[in-house]
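See below for target_17.csv, which holds CSV, C-alpha atoms.
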chain,number,residue,atom,x,y,z
A,1,MET,CA,-43.5,6.3,-131.8
A,2,SER,CA,-43.0,3.0,-130.0
A,3,GLU,CA,-41.8,-0.1,-131.8
A,4,LYS,CA,-43.9,-3.2,-131.3
A,5,ARG,CA,-42.0,-6.4,-131.2
A,6,LYS,CA,-43.7,-9.7,-132.1
A,7,GLU,CA,-42.3,-12.9,-130.8
A,8,LEU,CA,-43.4,-16.5,-131.2
A,9,SER,CA,-43.1,-18.3,-127.9
A,10,VAL,CA,-42.6,-22.0,-127.9
A,11,SER,CA,-42.0,-23.9,-124.8
A,12,ALA,CA,-38.5,-25.2,-124.1
A,13,ILE,CA,-38.0,-28.9,-124.0
A,14,GLU,CA,-36.4,-30.5,-121.0
A,15,ASN,CA,-35.0,-33.5,-122.8
A,16,GLY,CA,-35.1,-34.3,-126.5
A,17,THR,CA,-34.1,-33.2,-129.9
A,18,VAL,CA,-34.6,-30.2,-132.1
A,19,ILE,CA,-34.3,-30.7,-135.9
A,20,ASP,CA,-33.6,-27.3,-137.4
A,21,HIS,CA,-32.9,-26.0,-140.9
A,22,ILE,CA,-35.5,-28.3,-142.6
A,23,PRO,CA,-36.6,-26.8,-146.0
A,24,SER,CA,-40.2,-25.8,-145.5
A,25,GLU,CA,-41.4,-28.0,-148.3
A,26,LYS,CA,-39.8,-31.1,-146.6
A,27,LEU,CA,-41.1,-30.5,-143.1
A,28,PHE,CA,-44.2,-32.8,-143.3
A,29,LEU,CA,-42.1,-35.4,-145.1
A,30,VAL,CA,-39.7,-35.5,-142.2
A,31,VAL,CA,-42.6,-35.7,-139.7
A,32,LYS,CA,-44.0,-38.7,-141.7
A,33,ILE,CA,-40.8,-40.7,-142.3
A,34,LEU,CA,-39.8,-40.4,-138.6
A,35,GLY,CA,-43.3,-41.5,-137.5
A,36,LEU,CA,-43.7,-38.3,-135.4
A,37,ASP,CA,-47.3,-38.1,-136.4
A,38,HIS,CA,-47.9,-41.1,-134.1
A,39,PHE,CA,-45.4,-40.2,-131.4
A,40,ASP,CA,-46.8,-39.9,-127.9
A,41,SER,CA,-44.5,-37.2,-126.4
A,42,PRO,CA,-45.0,-33.5,-127.0
A,43,THR,CA,-43.8,-32.5,-130.5
A,44,THR,CA,-43.8,-28.9,-131.8
A,45,PHE,CA,-43.1,-27.9,-135.3
A,46,GLY,CA,-42.8,-24.5,-137.1
A,47,PHE,CA,-43.5,-24.1,-140.8
A,48,ASN,CA,-42.3,-21.3,-143.2
A,49,LEU,CA,-40.2,-19.6,-140.6
A,50,ASP,CA,-37.7,-17.0,-141.8
A,51,SER,CA,-34.2,-18.3,-142.3
A,52,LYS,CA,-31.0,-16.5,-143.5
A,53,LYS,CA,-29.7,-19.9,-144.7
A,54,LEU,CA,-32.8,-21.2,-146.5
A,55,GLY,CA,-35.2,-18.2,-147.0
A,56,LYS,CA,-37.9,-20.2,-145.3
A,57,LYS,CA,-37.4,-23.2,-143.0
A,58,GLY,CA,-39.1,-25.7,-140.8
A,59,ILE,CA,-38.2,-26.8,-137.3
A,60,ILE,CA,-39.3,-29.7,-135.2
A,61,LYS,CA,-38.9,-30.0,-131.4
A,62,VAL,CA,-39.4,-33.5,-130.0
A,63,SER,CA,-39.5,-34.1,-126.3
A,64,ASN,CA,-38.0,-37.3,-124.9
A,65,LYS,CA,-36.7,-38.5,-128.2
A,66,PHE,CA,-33.1,-39.0,-129.3
A,67,PHE,CA,-32.8,-40.2,-132.9
A,68,LYS,CA,-31.0,-43.4,-133.8
A,69,GLU,CA,-28.5,-43.5,-136.7
A,70,ASN,CA,-31.0,-45.0,-139.1
A,71,GLU,CA,-33.4,-42.2,-138.3
A,72,VAL,CA,-30.7,-39.6,-138.8
A,73,ARG,CA,-30.0,-41.1,-142.2
A,74,LYS,CA,-33.7,-40.6,-143.1
A,75,ILE,CA,-33.5,-37.0,-142.0
A,76,ALA,CA,-30.3,-36.5,-144.1
A,77,LEU,CA,-32.0,-38.0,-147.2
A,78,ALA,CA,-35.1,-35.8,-146.8
A,79,ALA,CA,-33.3,-32.6,-145.6
A,80,PRO,CA,-29.5,-32.8,-146.2
A,81,ASN,CA,-28.9,-29.4,-144.6
A,82,ALA,CA,-30.7,-30.1,-141.3
A,83,THR,CA,-29.1,-29.6,-137.9
A,84,LEU,CA,-29.8,-31.8,-134.9
A,85,ILE,CA,-29.7,-30.2,-131.5
A,86,THR,CA,-29.7,-32.4,-128.4
A,87,ILE,CA,-31.3,-31.0,-125.3
A,88,GLU,CA,-30.8,-32.4,-121.7
A,89,ASN,CA,-32.1,-30.7,-118.6
A,90,PHE,CA,-33.2,-27.7,-120.8
A,91,GLU,CA,-29.5,-27.2,-122.0
A,92,VAL,CA,-28.0,-27.7,-125.4
A,93,VAL,CA,-25.5,-30.5,-125.0
A,94,GLY,CA,-24.9,-31.3,-128.7
A,95,LYS,CA,-25.3,-29.8,-132.1
A,96,LYS,CA,-24.4,-31.4,-135.4
A,97,SER,CA,-25.3,-31.2,-139.1
A,98,VAL,CA,-26.7,-34.4,-140.6
A,99,GLN,CA,-24.3,-36.1,-143.0
A,100,LEU,CA,-25.3,-38.1,-146.0
A,101,PRO,CA,-23.8,-41.6,-145.9
A,102,ASP,CA,-22.0,-43.1,-148.8
A,103,ALA,CA,-24.4,-46.1,-148.6
A,104,PHE,CA,-27.4,-47.1,-146.7
A,105,GLU,CA,-30.1,-49.7,-146.5
A,106,GLY,CA,-33.8,-50.1,-145.6
A,107,ILE,CA,-34.8,-46.4,-146.0
A,108,VAL,CA,-35.9,-45.8,-149.6
A,109,LYS,CA,-37.7,-48.1,-152.0
A,110,CYS,CA,-36.1,-49.0,-155.4
A,111,VAL,CA,-38.0,-47.4,-158.3
A,112,ASN,CA,-37.6,-50.5,-160.5
A,113,PRO,CA,-40.7,-52.7,-160.0
A,114,LYS,CA,-38.7,-55.7,-161.2
A,115,CYS,CA,-35.9,-55.3,-158.6
A,116,ILE,CA,-35.6,-58.2,-156.3
A,117,THR,CA,-36.2,-55.9,-153.3
A,118,ASN,CA,-39.7,-55.2,-154.7
A,119,GLN,CA,-40.4,-58.9,-155.5
A,120,GLN,CA,-39.1,-60.7,-152.4
A,121,ASN,CA,-38.3,-59.9,-148.8
A,122,VAL,CA,-34.9,-58.4,-149.4
A,123,VAL,CA,-33.6,-55.2,-147.7
A,124,GLN,CA,-33.1,-52.3,-150.1
A,125,LYS,CA,-29.5,-51.2,-150.4
A,126,PHE,CA,-28.2,-48.1,-152.2
A,127,GLN,CA,-25.0,-46.2,-152.8
A,128,ILE,CA,-25.2,-42.4,-153.0
A,129,ILE,CA,-23.5,-41.5,-156.3
A,130,ASP,CA,-24.2,-37.8,-156.3
A,131,LYS,CA,-24.5,-36.0,-152.9
A,132,ASP,CA,-25.1,-32.6,-154.4
A,133,ASP,CA,-28.1,-33.6,-156.6
A,134,LEU,CA,-28.9,-36.6,-154.4
A,135,LYS,CA,-28.8,-39.5,-156.8
A,136,LEU,CA,-29.0,-43.2,-155.6
A,137,HIS,CA,-27.8,-46.4,-157.2
A,138,CYS,CA,-29.5,-49.7,-156.3
A,139,VAL,CA,-26.8,-52.3,-155.5
A,140,TYR,CA,-29.1,-55.1,-156.7
A,141,CYS,CA,-30.6,-54.0,-160.1
A,142,GLU,CA,-28.3,-51.0,-160.7
A,143,LYS,CA,-31.1,-48.6,-161.4
A,144,PHE,CA,-30.7,-44.9,-160.5
A,145,THR,CA,-33.1,-43.0,-158.3
A,146,LYS,CA,-33.3,-39.2,-158.2
A,147,LYS,CA,-34.4,-37.4,-155.1
A,148,GLU,CA,-37.7,-36.4,-156.6
A,149,ASN,CA,-38.6,-40.1,-156.9
A,150,PHE,CA,-37.7,-41.2,-153.4
A,151,GLU,CA,-40.3,-43.4,-151.8
A,152,PHE,CA,-39.5,-43.7,-148.1
A,153,LEU,CA,-40.2,-47.0,-146.3

In structure tokens, what does this structure look like?
Amino acid sequence: MSEKRKELSVSAIENGTVIDHIPSEKLFLVVKILGLDHFDSPTTFGFNLDSKKLGKKGIIKVSNKFFKENEVRKIALAAPNATLITIENFEVVGKKSVQLPDAFEGIVKCVNPKCITNQQNVVQKFQIIDKDDLKLHCVYCEKFTKKENFEFL
């Protein structure tokens, strides 16, 4: 009896970035917060792919896009175990896990409607006080925000 092998063939990218190890339930959030739903270059994503690390995972391949530090922070907040793979001339030239910063600004909205950042044109600033459970502390009003309440800007 012959064994049939099934493969999913996705075109390699010449230059760009692959975001791997995204929890499946966070894939479309990552697409949205990075604005990839409006990006002009070819973008491929996989959803509910088998993963030894996560069980099921998502992956995004973005041609001609190298993410800036603020974008990497967004990825880290949405998918803290994600890996960024940099591709140049069809070759992997870099691979790194995203890292949660100790503090950041301008990525997530404060949950407190009375916070100055929600009342005036003031940039949101947070400290991460729990990296395991992803809990944020607003430096202005001192309210705490849990990951399930994140509203990305």

Top pick for closest residue to A:Ala82, considering A:Leu134, A:Ile129, A:Val123, A:Ile22 and counting all atoms listed in the file: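 Once distances to A:Ala82 are computed over all atoms listed in the file, the minimum belongs to A:Ile22.
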
Nearest-residue call for A:Glu105, choices A:Lys131, A:Lys74, A:Lys65, A:Lys56, using only C-alpha atoms: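 Closest residue, counting only C-alpha atoms: A:Lys74.
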
Best match for closeness to A:Val111 among A:Glu151, A:Asp132, A:Thr86, A:Gly94, counting all atoms listed in the file: A:Glu151

A:Phe152, A:Phe144, A:Val98, A:Lys53 ranked by distance to A:Val30, top pick (using all atoms listed in the file): A:Phe152

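Atom pair atom CA of A:Ile33 / atom CA of A:Lys125: separated by 17.4 Å.
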
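Non-sequential neighbours of A:Val93 (distance at most 12 Å, separation of 4 or more positions within a chain, all atoms listed in the file) are A:Glu14, A:Asn15, A:Gly16, A:Thr17, A:Val18, A:Leu84, A:Ile85, A:Thr86, A:Ile87, A:Glu88, A:Asn89.
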
Point-to-point distance from atom CA of A:Lys96 to atom CA of A:Lys61, Å rounded to tenths: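 One can read the atom CA of A:Lys96 to atom CA of A:Lys61 distance as 15.1 Å.
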
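The shortest atom-to-atom distance to A:Ser63, with all atoms listed in the file taken into account, belongs to A:Ile13 out of A:Leu36, A:Leu136, A:Ala76, A:Ile13.
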
Nearest to A:Gln124 by atom-to-atom distance, counting only C-alpha atoms, from A:Asn112, A:His137, A:Ile107, A:Ala78: A:Ile107

Shell around A:Phe150 at 8 Å using only C-alpha atoms, local window under 2 positions removed, as a list in words: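 The neighbour list is Val108, Lys109, Val111, Thr145, Lys146, Lys147, Glu148 and Phe152 of chain A.
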
Between atom CA of A:His21 and atom CA of A:Lys57 - distance in Å to one decimal: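 About the pair atom CA of A:Lys57 and atom CA of A:His21: they are 5.7 Å apart.
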